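Let me begin by presenting the structure, written as structure tokens, before commenting on it.
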Amino acid sequence: MRIAIALFATVLIPGIAFSTPRPDALTLLANVSQQYADANSYHLEAIEQQTSGSAFERNWRKMNLKAIVDSEYRYHFEV
């Protein structure tokens, strides 16, 4: 009985879960591209860290980047 349940779970359930057709890569890329083209606001943040050194020194640098534009065309850029 356990073998039958295991066989059902491994063979039939994945086929049921993915039976809906998925779009191809080009359609997905076009949809994402259109969504970003229609965007009227964004909020991006990035943190960059660099470390270098030798036996006698150590250098560390951290840079925060921020770019925000909202739907009312207010801008905020920070580095």
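Naming works like this for the structure tokens: A, B, ... for the chains as they're shown, residue 1 at the start of each chain, ligands 1 onward in shown order.
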
Legend entry - Non-local contacts of stretch 70-74 of chain A (9 Å; only C-alpha atoms; under 5 positions in same chain excluded) as a VMD selection string: chain A and resid 39 to 43

Write out, as a PDB file, in the first residue's frame, the residues just selected, with N, CA, C and O atoms.
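What landed in out-v7.pdb:
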ATOM      1  N   ALA A  39       5.730  51.688 -15.928  1.00  0.00           N
ATOM      2  CA  ALA A  39       5.930  52.123 -14.540  1.00  0.00           C
ATOM      3  C   ALA A  39       6.082  53.643 -14.477  1.00  0.00           C
ATOM      4  O   ALA A  39       6.746  54.246 -15.310  1.00  0.00           O
ATOM      5  N   ASN A  40       5.446  54.254 -13.493  1.00  0.00           N
ATOM      6  CA  ASN A  40       5.574  55.693 -13.315  1.00  0.00           C
ATOM      7  C   ASN A  40       6.258  56.041 -11.993  1.00  0.00           C
ATOM      8  O   ASN A  40       6.335  57.194 -11.620  1.00  0.00           O
ATOM      9  N   SER A  41       6.747  55.038 -11.267  1.00  0.00           N
ATOM     10  CA  SER A  41       7.502  55.272 -10.048  1.00  0.00           C
ATOM     11  C   SER A  41       8.447  54.095  -9.818  1.00  0.00           C
ATOM     12  O   SER A  41       8.215  52.996 -10.327  1.00  0.00           O
ATOM     13  N   TYR A  42       9.507  54.372  -9.073  1.00  0.00           N
ATOM     14  CA  TYR A  42      10.418  53.295  -8.703  1.00  0.00           C
ATOM     15  C   TYR A  42      11.162  53.666  -7.428  1.00  0.00           C
ATOM     16  O   TYR A  42      11.226  54.831  -7.036  1.00  0.00           O
ATOM     17  N   HIS A  43      11.723  52.658  -6.775  1.00  0.00           N
ATOM     18  CA  HIS A  43      12.493  52.812  -5.549  1.00  0.00           C
ATOM     19  C   HIS A  43      13.607  51.773  -5.605  1.00  0.00           C
ATOM     20  O   HIS A  43      13.350  50.582  -5.465  1.00  0.00           O
TER      21      HIS A  43
END

Inset, instruction - Mind checking which residues fall within 8 Å of A:Leu44, counting only C-alpha atoms, ignoring those fewer than 3 positions away in the same chain, and posting them as number ranges by chain? - result: A: 66-68

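By only C-alpha atoms, and with residues fewer than 5 positions from stretch 53-63 of chain A along its chain excluded, the set lying at most 8 Å from it is Ile47, Glu48 and Val79 of chain A.
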
Inset, instruction - One decimal, Å: what's the distance from atom CA of A:Gln49 over to atom CA of A:Tyr36, could you say? - result: 28.1 Å
